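Content type PDB, C-alpha atoms and all ligand atoms, from the file upload.pdb:
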```pdb
ATOM      1  CA  MET H   1      -2.118   2.782  16.922
ATOM      2  CA  PRO H   2      -1.445   4.886  13.811
ATOM      3  CA  GLN H   3       0.814   3.086  11.379
ATOM      4  CA  LYS H   4       3.303   4.296   8.789
ATOM      5  CA  ILE H   5       2.356   2.971   5.374
ATOM      6  CA  LEU H   6       3.556   3.298   1.782
ATOM      7  CA  VAL H   7       1.166   2.537  -1.096
ATOM      8  CA  THR H   8       2.486   2.159  -4.661
ATOM      9  CA  GLY H   9       0.376   3.099  -7.686
ATOM     10  CA  ALA H  10      -1.505   5.600  -5.525
ATOM     11  CA  SER H  11      -2.546   7.871  -8.404
ATOM     12  CA  SER H  12      -5.821   6.039  -9.091
ATOM     13  CA  GLY H  13      -8.084   3.083  -8.385
ATOM     14  CA  PHE H  14      -7.545   0.844  -5.355
ATOM     15  CA  GLY H  15      -4.296   2.602  -4.406
ATOM     16  CA  LYS H  16      -5.801   6.079  -4.270
ATOM     17  CA  LEU H  17      -8.869   4.855  -2.390
ATOM     18  CA  ALA H  18      -6.703   2.953   0.090
ATOM     19  CA  VAL H  19      -4.564   6.035   0.750
ATOM     20  CA  SER H  20      -7.663   8.166   1.443
ATOM     21  CA  ARG H  21      -9.205   5.580   3.757
ATOM     22  CA  LEU H  22      -5.969   4.949   5.641
ATOM     23  CA  LEU H  23      -5.531   8.704   6.161
ATOM     24  CA  GLY H  24      -9.133   8.875   7.361
ATOM     25  CA  ARG H  25      -8.275   6.239   9.975
ATOM     26  CA  GLY H  26      -5.405   8.371  11.304
ATOM     27  CA  HIS H  27      -2.479   6.539   9.714
ATOM     28  CA  LYS H  28       0.566   8.218   8.186
ATOM     29  CA  VAL H  29       0.564   7.398   4.499
ATOM     30  CA  ALA H  30       3.094   7.845   1.720
ATOM     31  CA  ALA H  31       1.240   7.926  -1.599
ATOM     32  CA  ALA H  32       3.838   6.666  -4.075
ATOM     33  CA  MET H  33       3.174   7.384  -7.746
ATOM     34  CA  ARG H  34       4.997   8.221 -10.942
ATOM     35  CA  GLY H  35       4.610  11.591 -12.639
ATOM     36  CA  VAL H  36       3.893  13.591  -9.483
ATOM     37  CA  GLY H  37       4.671  16.847 -11.273
ATOM     38  CA  GLY H  38       3.099  15.786 -14.576
ATOM     39  CA  ARG H  39       0.524  13.154 -15.534
ATOM     40  CA  ASN H  40      -0.543  12.528 -11.933
ATOM     41  CA  SER H  41      -0.264  16.068 -10.526
ATOM     42  CA  ALA H  42      -4.028  16.313  -9.866
ATOM     43  CA  ALA H  43      -4.118  13.067  -7.844
ATOM     44  CA  ALA H  44      -0.924  14.085  -6.046
ATOM     45  CA  GLY H  45      -2.441  17.443  -5.068
ATOM     46  CA  GLU H  46      -5.679  15.822  -3.933
ATOM     47  CA  LEU H  47      -3.958  13.263  -1.696
ATOM     48  CA  ALA H  48      -1.479  15.835  -0.344
ATOM     49  CA  GLY H  49      -4.510  17.942   0.577
ATOM     50  CA  GLN H  50      -5.819  14.999   2.601
ATOM     51  CA  GLY H  51      -2.518  14.760   4.478
ATOM     52  CA  ALA H  52      -0.561  12.194   2.441
ATOM     53  CA  LEU H  53       3.162  12.419   1.896
ATOM     54  CA  VAL H  54       3.311  12.240  -1.895
ATOM     55  CA  VAL H  55       6.385  10.371  -3.094
ATOM     56  CA  GLU H  56       7.620  10.084  -6.687
ATOM     57  CA  MET H  57       8.030   6.405  -7.589
ATOM     58  CA  ASP H  58       8.151   4.536 -10.881
ATOM     59  CA  VAL H  59       8.297   0.883  -9.852
ATOM     60  CA  CYS H  60      10.167   0.066 -13.091
ATOM     61  CA  ASP H  61      13.062   2.291 -12.049
ATOM     62  CA  GLY H  62      15.253   0.950  -9.242
ATOM     63  CA  GLY H  63      16.714   4.371  -8.393
ATOM     64  CA  SER H  64      13.247   5.894  -8.167
ATOM     65  CA  VAL H  65      12.032   3.048  -5.897
ATOM     66  CA  ASP H  66      15.057   3.283  -3.592
ATOM     67  CA  ALA H  67      14.710   7.080  -3.312
ATOM     68  CA  GLY H  68      10.949   6.915  -2.692
ATOM     69  CA  VAL H  69      11.207   4.266   0.020
ATOM     70  CA  ALA H  70      14.138   6.076   1.676
ATOM     71  CA  ARG H  71      12.197   9.343   1.686
ATOM     72  CA  ALA H  72       9.134   7.761   3.325
ATOM     73  CA  ILE H  73      11.276   6.072   5.987
ATOM     74  CA  GLU H  74      13.100   9.321   6.690
ATOM     75  CA  GLU H  75       9.993  11.545   6.833
ATOM     76  CA  PHE H  76       7.976   9.101   8.963
ATOM     77  CA  GLY H  77      10.831   7.707  11.011
ATOM     78  CA  GLY H  78      10.127   4.202   9.647
ATOM     79  CA  LEU H  79       7.596   2.133   7.730
ATOM     80  CA  ASP H  80       5.214  -0.482   9.169
ATOM     81  CA  ALA H  81       3.506  -1.586   5.963
ATOM     82  CA  VAL H  82       3.952  -1.440   2.204
ATOM     83  CA  VAL H  83       1.085  -2.016  -0.206
ATOM     84  CA  ASN H  84       2.401  -3.310  -3.543
ATOM     85  CA  ASN H  85      -0.508  -2.117  -5.633
ATOM     86  CA  ALA H  86       0.958  -0.635  -8.847
ATOM     87  CA  GLY H  87      -0.025  -2.847 -11.743
ATOM     88  CA  GLN H  88      -0.777  -3.035 -15.446
ATOM     89  CA  GLY H  89      -3.212  -5.321 -17.281
ATOM     90  CA  VAL H  90      -3.454  -6.616 -20.843
ATOM     91  CA  VAL H  91      -6.081  -7.849 -23.298
ATOM     92  CA  GLY H  92      -5.438  -9.854 -26.440
ATOM     93  CA  VAL H  93      -4.441 -13.201 -27.849
ATOM     94  CA  GLN H  94      -1.436 -14.505 -25.946
ATOM     95  CA  GLU H  95       0.563 -15.413 -29.078
ATOM     96  CA  SER H  96       0.376 -11.795 -30.291
ATOM     97  CA  PHE H  97       2.179 -10.378 -27.261
ATOM     98  CA  THR H  98       5.865 -10.031 -28.131
ATOM     99  CA  PRO H  99       8.592 -11.010 -25.667
ATOM    100  CA  GLU H 100       9.086  -7.247 -25.155
ATOM    101  CA  ASP H 101       5.373  -6.917 -24.221
ATOM    102  CA  TRP H 102       5.802  -9.708 -21.680
ATOM    103  CA  GLN H 103       8.875  -7.976 -20.274
ATOM    104  CA  ARG H 104       6.955  -4.701 -19.852
ATOM    105  CA  ILE H 105       4.154  -6.425 -17.930
ATOM    106  CA  PHE H 106       6.500  -8.410 -15.707
ATOM    107  CA  ASP H 107       8.588  -5.275 -15.155
ATOM    108  CA  VAL H 108       5.628  -3.588 -13.442
ATOM    109  CA  ASN H 109       3.726  -6.504 -11.883
ATOM    110  CA  VAL H 110       6.591  -8.716 -10.730
ATOM    111  CA  PHE H 111      10.013  -7.044 -10.913
ATOM    112  CA  GLY H 112       8.465  -3.766  -9.697
ATOM    113  CA  VAL H 113       7.265  -5.544  -6.565
ATOM    114  CA  GLN H 114      10.690  -7.105  -6.073
ATOM    115  CA  ARG H 115      12.327  -3.657  -6.364
ATOM    116  CA  VAL H 116      10.027  -2.200  -3.707
ATOM    117  CA  VAL H 117      10.339  -5.209  -1.411
ATOM    118  CA  ARG H 118      14.136  -5.209  -1.627
ATOM    119  CA  ALA H 119      14.198  -1.479  -0.867
ATOM    120  CA  VAL H 120      12.118  -1.817   2.293
ATOM    121  CA  LEU H 121      13.189  -5.180   3.727
ATOM    122  CA  PRO H 122      16.494  -4.178   5.331
ATOM    123  CA  HIS H 123      14.484  -1.661   7.379
ATOM    124  CA  MET H 124      11.688  -4.105   8.288
ATOM    125  CA  ARG H 125      14.050  -6.995   9.056
ATOM    126  CA  GLY H 126      16.098  -4.606  11.174
ATOM    127  CA  LYS H 127      13.165  -3.678  13.378
ATOM    128  CA  ARG H 128      11.801  -7.236  13.324
ATOM    129  CA  SER H 129       8.316  -6.179  12.208
ATOM    130  CA  GLY H 130       6.466  -5.126   9.108
ATOM    131  CA  LEU H 131       3.802  -6.040   6.594
ATOM    132  CA  LEU H 132       3.786  -6.515   2.825
ATOM    133  CA  VAL H 133       0.340  -6.319   1.216
ATOM    134  CA  GLN H 134       0.581  -7.765  -2.300
ATOM    135  CA  ILE H 135      -2.243  -6.806  -4.654
ATOM    136  CA  SER H 136      -2.720  -9.853  -6.839
ATOM    137  CA  SER H 137      -6.016 -10.885  -8.501
ATOM    138  CA  VAL H 138      -8.388 -13.819  -8.709
ATOM    139  CA  LEU H 139      -6.511 -14.223 -12.022
ATOM    140  CA  GLY H 140      -3.485 -15.000  -9.873
ATOM    141  CA  ARG H 141      -5.281 -18.278  -9.035
ATOM    142  CA  ILE H 142      -7.006 -19.268 -12.274
ATOM    143  CA  ALA H 143      -6.276 -18.754 -15.972
ATOM    144  CA  VAL H 144      -8.765 -17.618 -18.596
ATOM    145  CA  PRO H 145      -8.004 -16.721 -22.229
ATOM    146  CA  PHE H 146      -7.103 -13.252 -23.545
ATOM    147  CA  TYR H 147      -5.247 -11.931 -20.468
ATOM    148  CA  GLY H 148      -2.191 -14.197 -20.814
ATOM    149  CA  PRO H 149       0.856 -12.117 -19.786
ATOM    150  CA  TYR H 150      -1.108 -10.430 -16.996
ATOM    151  CA  ILE H 151      -2.287 -13.734 -15.556
ATOM    152  CA  ALA H 152       1.218 -15.190 -15.740
ATOM    153  CA  SER H 153       2.556 -12.127 -13.897
ATOM    154  CA  LYS H 154      -0.013 -12.429 -11.105
ATOM    155  CA  TRP H 155       0.713 -16.176 -10.741
ATOM    156  CA  ALA H 156       4.373 -15.172 -10.429
ATOM    157  CA  LEU H 157       3.457 -12.600  -7.779
ATOM    158  CA  GLU H 158       1.522 -15.266  -5.872
ATOM    159  CA  ALA H 159       4.508 -17.623  -5.936
ATOM    160  CA  MET H 160       6.861 -14.830  -4.902
ATOM    161  CA  SER H 161       4.542 -13.985  -2.028
ATOM    162  CA  GLU H 162       4.286 -17.624  -0.871
ATOM    163  CA  ASN H 163       8.052 -17.685  -0.664
ATOM    164  CA  TYR H 164       8.397 -14.327   1.113
ATOM    165  CA  ARG H 165       5.719 -15.397   3.562
ATOM    166  CA  VAL H 166       7.976 -18.193   4.755
ATOM    167  CA  GLU H 167      11.378 -16.556   4.385
ATOM    168  CA  LEU H 168      10.291 -13.410   6.239
ATOM    169  CA  SER H 169       8.313 -14.989   9.053
ATOM    170  CA  ARG H 170      11.443 -15.409  11.207
ATOM    171  CA  PHE H 171      11.895 -11.634  11.030
ATOM    172  CA  GLY H 172       8.342 -10.869  12.165
ATOM    173  CA  VAL H 173       7.422  -9.517   8.736
ATOM    174  CA  ASP H 174       3.927 -10.574   7.612
ATOM    175  CA  VAL H 175       3.118 -11.106   3.940
ATOM    176  CA  VAL H 176      -0.481 -11.124   2.728
ATOM    177  CA  VAL H 177      -2.077 -11.353  -0.708
ATOM    178  CA  VAL H 178      -5.259  -9.557  -1.789
ATOM    179  CA  GLU H 179      -7.121 -11.141  -4.706
ATOM    180  CA  PRO H 180      -9.704  -8.768  -6.196
ATOM    181  CA  GLY H 181     -12.185  -9.869  -8.837
ATOM    182  CA  GLY H 182     -12.868  -7.450 -11.708
ATOM    183  CA  PHE H 183     -13.572  -3.801 -10.816
ATOM    184  CA  LEU H 184     -14.314  -0.736 -12.923
ATOM    185  CA  THR H 185     -11.200   1.328 -12.240
ATOM    186  CA  ALA H 186      -8.875   2.988 -14.758
ATOM    187  CA  PHE H 187      -7.283  -0.478 -15.039
ATOM    188  CA  LEU H 188      -9.715  -1.743 -17.692
ATOM    189  CA  GLY H 189      -9.276   1.392 -19.829
ATOM    190  CA  ASN H 190      -5.485   1.112 -19.697
ATOM    191  CA  LEU H 191      -5.089  -2.534 -20.718
ATOM    192  CA  MET H 192      -1.994  -3.100 -22.861
ATOM    193  CA  GLN H 193      -2.714  -4.434 -26.378
ATOM    194  CA  PRO H 194      -0.503  -6.977 -28.153
ATOM    195  CA  GLY H 195       2.504  -5.449 -29.885
ATOM    196  CA  ASP H 196       2.157  -7.704 -32.933
ATOM    197  CA  HIS H 197      -1.066  -7.587 -34.971
ATOM    198  CA  THR H 198       0.418  -9.188 -38.088
ATOM    199  CA  ARG H 199      -1.033 -12.589 -37.116
ATOM    200  CA  ASP H 200      -4.565 -11.365 -36.380
ATOM    201  CA  GLY H 201      -5.953 -12.710 -39.665
ATOM    202  CA  SER H 202      -4.736 -16.226 -38.945
ATOM    203  CA  LEU H 203      -6.022 -16.519 -35.374
ATOM    204  CA  ALA H 204      -9.482 -17.905 -36.170
ATOM    205  CA  GLY H 205     -11.382 -14.848 -34.948
ATOM    206  CA  MET H 206      -9.785 -14.756 -31.509
ATOM    207  CA  PRO H 207      -8.765 -11.036 -31.598
ATOM    208  CA  ARG H 208     -12.451 -10.114 -31.960
ATOM    209  CA  GLU H 209     -13.455 -12.662 -29.293
ATOM    210  CA  ALA H 210     -10.953 -11.031 -26.937
ATOM    211  CA  ARG H 211     -12.510  -7.601 -27.481
ATOM    212  CA  ASP H 212     -16.059  -8.973 -27.128
ATOM    213  CA  PHE H 213     -15.134 -10.863 -23.971
ATOM    214  CA  LEU H 214     -13.781  -7.670 -22.400
ATOM    215  CA  GLN H 215     -16.790  -5.634 -23.478
ATOM    216  CA  GLY H 216     -19.188  -8.194 -21.996
ATOM    217  CA  PHE H 217     -17.200  -8.231 -18.768
ATOM    218  CA  GLU H 218     -17.281  -4.419 -18.516
ATOM    219  CA  GLN H 219     -21.053  -4.471 -19.023
ATOM    220  CA  ALA H 220     -21.461  -7.090 -16.292
ATOM    221  CA  LEU H 221     -19.356  -4.976 -13.918
ATOM    222  CA  ALA H 222     -21.341  -1.823 -14.715
ATOM    223  CA  ALA H 223     -24.556  -3.724 -13.945
ATOM    224  CA  ASN H 224     -23.269  -4.760 -10.524
ATOM    225  CA  PRO H 225     -22.791  -1.719  -8.256
ATOM    226  CA  ALA H 226     -22.003  -4.016  -5.298
ATOM    227  CA  GLN H 227     -18.664  -4.635  -7.038
ATOM    228  CA  ASP H 228     -17.345  -1.386  -5.521
ATOM    229  CA  PRO H 229     -13.558  -0.696  -5.707
ATOM    230  CA  GLY H 230     -13.884   0.698  -2.193
ATOM    231  CA  ASN H 231     -14.295  -2.915  -1.007
ATOM    232  CA  VAL H 232     -10.695  -3.577  -2.031
ATOM    233  CA  ALA H 233      -9.489  -0.471  -0.179
ATOM    234  CA  ASP H 234     -11.427  -1.605   2.903
ATOM    235  CA  ALA H 235      -9.818  -5.057   2.725
ATOM    236  CA  ILE H 236      -6.371  -3.432   2.594
ATOM    237  CA  VAL H 237      -7.197  -1.277   5.625
ATOM    238  CA  GLY H 238      -8.520  -4.330   7.489
ATOM    239  CA  LEU H 239      -5.351  -6.329   6.855
ATOM    240  CA  ILE H 240      -3.098  -3.469   7.934
ATOM    241  CA  GLU H 241      -5.053  -2.967  11.157
ATOM    242  CA  ALA H 242      -5.258  -6.702  11.972
ATOM    243  CA  PRO H 243      -2.885  -8.004  14.664
ATOM    244  CA  ALA H 244       0.577  -8.985  13.422
ATOM    245  CA  GLY H 245       1.007 -12.718  12.925
ATOM    246  CA  GLN H 246      -2.752 -13.321  12.736
ATOM    247  CA  ARG H 247      -3.527 -11.942   9.305
ATOM    248  CA  PRO H 248      -5.030 -14.329   6.729
ATOM    249  CA  PHE H 249      -2.518 -15.039   3.980
ATOM    250  CA  ARG H 250      -5.031 -14.714   1.129
ATOM    251  CA  THR H 251      -8.031 -12.371   0.995
ATOM    252  CA  ILE H 252     -10.422 -12.533  -1.949
ATOM    253  CA  VAL H 253     -12.496  -9.403  -2.682
ATOM    254  CA  ASP H 254     -15.312 -10.117  -5.093
ATOM    255  CA  LYS H 255     -19.097 -10.055  -5.164
ATOM    256  CA  MET H 256     -19.626 -11.589  -8.598
ATOM    257  CA  GLY H 257     -19.227 -15.273  -7.874
ATOM    258  CA  MET H 258     -15.565 -15.717  -8.745
ATOM    259  CA  GLY H 259     -14.505 -15.311  -5.148
ATOM    260  CA  ASP H 260     -16.967 -17.950  -3.933
ATOM    261  CA  ALA H 261     -15.565 -20.368  -6.498
ATOM    262  CA  ILE H 262     -11.924 -19.733  -5.622
ATOM    263  CA  GLN H 263     -12.179 -19.629  -1.815
ATOM    264  CA  PRO H 264     -12.433 -23.453  -1.436
ATOM    265  CA  TYR H 265      -9.505 -23.815  -3.845
ATOM    266  CA  ASN H 266      -7.431 -21.460  -1.699
ATOM    267  CA  GLU H 267      -8.344 -23.390   1.443
ATOM    268  CA  HIS H 268      -7.489 -26.707  -0.195
ATOM    269  CA  PHE H 269      -4.235 -25.314  -1.568
ATOM    270  CA  GLU H 270      -3.283 -24.057   1.900
ATOM    271  CA  LYS H 271      -3.736 -27.550   3.318
ATOM    272  CA  ILE H 272      -1.854 -29.283   0.485
ATOM    273  CA  SER H 273       0.967 -26.789   0.797
ATOM    274  CA  SER H 274       1.165 -27.248   4.554
ATOM    275  CA  ASP H 275       1.161 -31.055   4.165
ATOM    276  CA  LEU H 276       3.933 -30.849   1.552
ATOM    277  CA  TYR H 277       6.085 -28.747   3.857
ATOM    278  CA  SER H 278       5.664 -31.417   6.517
ATOM    279  CA  ALA H 279       6.455 -34.185   4.004
ATOM    280  CA  PHE H 280       9.674 -32.370   3.051
ATOM    281  CA  GLY H 281      10.583 -32.022   6.721
ATOM    282  CA  ILE H 282      10.345 -28.227   6.659
ATOM    283  CA  GLY H 283       6.984 -27.825   8.397
ATOM    284  CA  HIS H 284       8.677 -25.760  11.115
ATOM    285  CA  LEU H 285       9.418 -23.018   8.540
ATOM    286  CA  ARG H 286       5.678 -22.501   8.025
ATOM    287  CA  GLN H 287       4.911 -22.669  11.745
ATOM    288  CA  LEU H 288       6.966 -19.517  12.215
ATOM    289  CA  GLN H 289       4.368 -17.580  10.247
ATOM    290  CA  THR H 290       1.774 -18.029  12.957
ATOM    291  CA  GLN H 291       4.255 -17.470  15.774
ATOM    292  CA  ALA H 292       5.694 -14.221  14.364
TER     293      ALA H 292
HETATM  294  N1  LIG H 301      -9.422  -3.304 -11.513
HETATM  295  C1  LIG H 301      -9.404  -4.625 -11.610
HETATM  296  O1  LIG H 301     -10.290  -5.240 -12.236
HETATM  297  C2  LIG H 301      -8.347  -5.417 -10.871
HETATM  298  C3  LIG H 301      -8.642  -6.742 -10.545
HETATM  299  C4  LIG H 301      -7.698  -7.499  -9.854
HETATM  300  C5  LIG H 301      -6.483  -6.934  -9.535
HETATM  301  N2  LIG H 301      -6.200  -5.641  -9.876
HETATM  302  C6  LIG H 301      -4.880  -5.117  -9.488
HETATM  303  O2  LIG H 301      -5.058  -4.022  -8.613
HETATM  304  C7  LIG H 301      -3.956  -3.130  -8.711
HETATM  305  C8  LIG H 301      -4.458  -1.721  -8.886
HETATM  306  O3  LIG H 301      -5.267  -1.666 -10.037
HETATM  307  P1  LIG H 301      -6.484  -0.659 -10.195
HETATM  308  O4  LIG H 301      -7.672  -1.457 -10.556
HETATM  309  O5  LIG H 301      -6.569   0.277  -9.056
HETATM  310  O6  LIG H 301      -6.043   0.068 -11.552
HETATM  311  P2  LIG H 301      -5.560   1.548 -11.867
HETATM  312  O7  LIG H 301      -6.569   2.533 -11.402
HETATM  313  O8  LIG H 301      -5.193   1.528 -13.311
HETATM  314  O9  LIG H 301      -4.257   1.709 -10.975
HETATM  315  C9  LIG H 301      -3.037   1.149 -11.342
HETATM  316  C10 LIG H 301      -1.969   1.980 -10.707
HETATM  317  O10 LIG H 301      -0.689   1.399 -11.013
HETATM  318  C11 LIG H 301       0.144   2.449 -11.396
HETATM  319  N3  LIG H 301       1.283   2.054 -12.186
HETATM  320  C12 LIG H 301       1.331   1.375 -13.351
HETATM  321  N4  LIG H 301       2.598   1.261 -13.771
HETATM  322  C13 LIG H 301       3.377   1.876 -12.837
HETATM  323  C14 LIG H 301       4.756   2.097 -12.689
HETATM  324  N5  LIG H 301       5.644   1.667 -13.605
HETATM  325  N6  LIG H 301       5.201   2.760 -11.595
HETATM  326  C15 LIG H 301       4.334   3.204 -10.682
HETATM  327  N7  LIG H 301       3.005   3.050 -10.767
HETATM  328  C16 LIG H 301       2.540   2.386 -11.836
HETATM  329  C17 LIG H 301      -0.746   3.395 -12.162
HETATM  330  O11 LIG H 301      -0.107   4.645 -12.284
HETATM  331  P3  LIG H 301      -0.382   5.653 -13.517
HETATM  332  O12 LIG H 301      -1.632   6.386 -13.131
HETATM  333  O13 LIG H 301       0.814   6.536 -13.529
HETATM  334  O14 LIG H 301      -0.526   4.817 -14.747
HETATM  335  C18 LIG H 301      -1.954   3.415 -11.253
HETATM  336  O15 LIG H 301      -1.762   4.280 -10.174
HETATM  337  C19 LIG H 301      -3.091  -3.651  -9.874
HETATM  338  O16 LIG H 301      -2.004  -4.372  -9.366
HETATM  339  C20 LIG H 301      -4.038  -4.577 -10.622
HETATM  340  O17 LIG H 301      -3.342  -5.599 -11.294
HETATM  341  C21 LIG H 301      -7.109  -4.876 -10.543
END
```
Here is the file; what I need is its structure written in the form of structure tokens.
Ligand SMILES: NC(=O)c1ccc[n+]([C@@H]2O[C@H](COP(=O)([O-])OP(=O)(O)OC[C@H]3O[C@@H](n4cnc5c(N)ncnc54)[C@H](OP(=O)(O)O)[C@@H]3O)[C@@H](O)[C@H]2O)c1
Amino acid sequence: MPQKILVTGASSGFGKLAVSRLLGRGHKVAAAMRGVGGRNSAAAGELAGQGALVVEMDVCDGGSVDAGVARAIEEFGGLDAVVNNAGQGVVGVQESFTPEDWQRIFDVNVFGVQRVVRAVLPHMRGKRSGLLVQISSVLGRIAVPFYGPYIASKWALEAMSENYRVELSRFGVDVVVVEPGGFLTAFLGNLMQPGDHTRDGSLAGMPREARDFLQGFEQALAANPAQDPGNVADAIVGLIEAPAGQRPFRTIVDKMGMGDAIQPYNEHFEKISSDLYSAFGIGHLRQLQTQA
């Protein structure tokens, strides 16, 4: 059955690939991106040529999100799935990111998701079905140095998604999280730098270590063609096409070892979480997820 899907951050990377593959599978897809008539006009034209409904959407602007979601619902006569993919990374020593830097990252990676989710939920709750695909990261499960605000934002997205998973299950709305490892998309070239470099000289060489760490990581990615961004798009397609109520909550996409290390952690966490719900006497709230 063709589905009606909206993908945020569709101008490049995983989002653009997912839109193309979903269209290729016969789905109706709204490719939501900012700068349709400007910075992203080429991507917009390309996806429109493939049959996408291109929708202007800056996830940091509530009016833009509301208008974009409303337009997709109106043009398609509804929405079955939303892929919260738009995101922004960082690189640098955590202390050097100003509170304003942190706000900018959370505005895209966390509050942006909340804006989109709030715009679409009245519709999905109303029809008692739907799917939210949250693009997190393996860095939403572990923390390594030099990506501080980004990692914190993805941990926040994971927590937000855990909560939505439970609160939305009674409405038949599935919530799933995709956790990619590192991939060579535009993401790594667009990493936000710290806003304050005045402390660099007193940080015991860490600013250089941060740059070297990133460079080494990029080289490792370039040397591993199996780490194909298309794998993430395929995982998104697979989750959307899976039967409602039977989708795995977390899906790791990685062929560089990180995924293998985190999978047992995810499984263990799932059990601990389930046990805690039971201990608190709210186990029935989680049961709904599988019954939806
Ligand atoms: N690549 C990786 O290594 C990796 C690993 C794990 C998770 N992820 C996550 O995967 C998602 C997609 O990343 P990607 O690798 O495909 O990177 P990408 O090619 O840089 O794509 C990021 C997308 O987000 C969009 N975006 C950023 N701020 C936005 C805003 N305010 N409003 C609307 N769109 C906005 C970008 O739009 P513009 O073109 O207009 O900037 C772009 O389309 C992100 O959530 C990222 O955190 C990436």
**Message:** Using all atoms listed in the file, which protein or nucleic acid residues come within 10 Å of Trp102 of chain H? Drop anything in the same chain fewer than 2 positions from it, and give the result as a PyMOL selection string.
**Reply:** chain H and resi 90+94+97-100+104-107+148-150+152-153+194-195
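Omitting segment 57-60 of chain H and its sequence neighbours fewer than 3 positions away, and counting only C-alpha atoms, the residues within 6 Å are Ala32, Met33, Arg34, Ser64, Val65, Gly68, Asp107, Val108 and Gly112 of chain H.
If you measure from each of H:Phe269, H:Leu191, H:Ser202, H:Glu179 to Asp254 of chain H using all atoms listed in the file, the closest one turns out to be H:Glu179.
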**Request:** Write as a PyMOL selection string the residues around ligand LIG 301 (chain H), taking 8 Å as the cut-off and counting all atoms listed in the file.
**Result:** chain H and resi 8-16+32-35+39-40+57-61+84-89+107-109+112+135-139+150+154+179-190+229
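Minimum atom-to-atom distances from H:Ala204, H:Gly283, H:Ser273, H:Gly216 to Ala159 of chain H were compared using only C-alpha atoms, and the lowest value belongs to H:Ser273.
If you measure from each of H:Ala233, H:Ala31, H:Val173, H:Ala44 to Gly130 of chain H using all atoms listed in the file, the closest one turns out to be H:Val173.
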**Item:** atom CA of Ala210 of chain H to atom CA of His197 of chain H, distance in Å rounded to a single decimal
**Value:** 13.2 Å
Report, as lines of an AutoDock Vina configuration file, the axis-aligned box around all atoms of segment 77-88 of chain H present in the file, extended by 6 Å on each side; give centre and edge lengths in Å to one decimal place.
```
center_x = 5.0
center_y = 2.2
center_z = -2.2
size_x = 23.6
size_y = 23.0
size_z = 38.5
```
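The gap separating atom CA of Gln114 of chain H from atom CA of Ala48 of chain H is 26.6 Å, in Å to one decimal.
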**Message:** I'd like the residues picked by the PyMOL selection byres (((chain H and resi 160) around 12) and not hetatm) written out as JSON, numbers by chain, using the chain letters and numbers from the file.
**Reply:** {"H": [109, 110, 111, 113, 114, 117, 132, 134, 136, 140, 153, 154, 155, 156, 157, 158, 159, 161, 162, 163, 164, 165, 166, 167, 168, 175, 176, 177]}
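Minimum atom-to-atom distances from H:Met256, H:His284, H:Pro207, H:Ala143 to Pro225 of chain H were compared using only C-alpha atoms, and the lowest value belongs to H:Met256.
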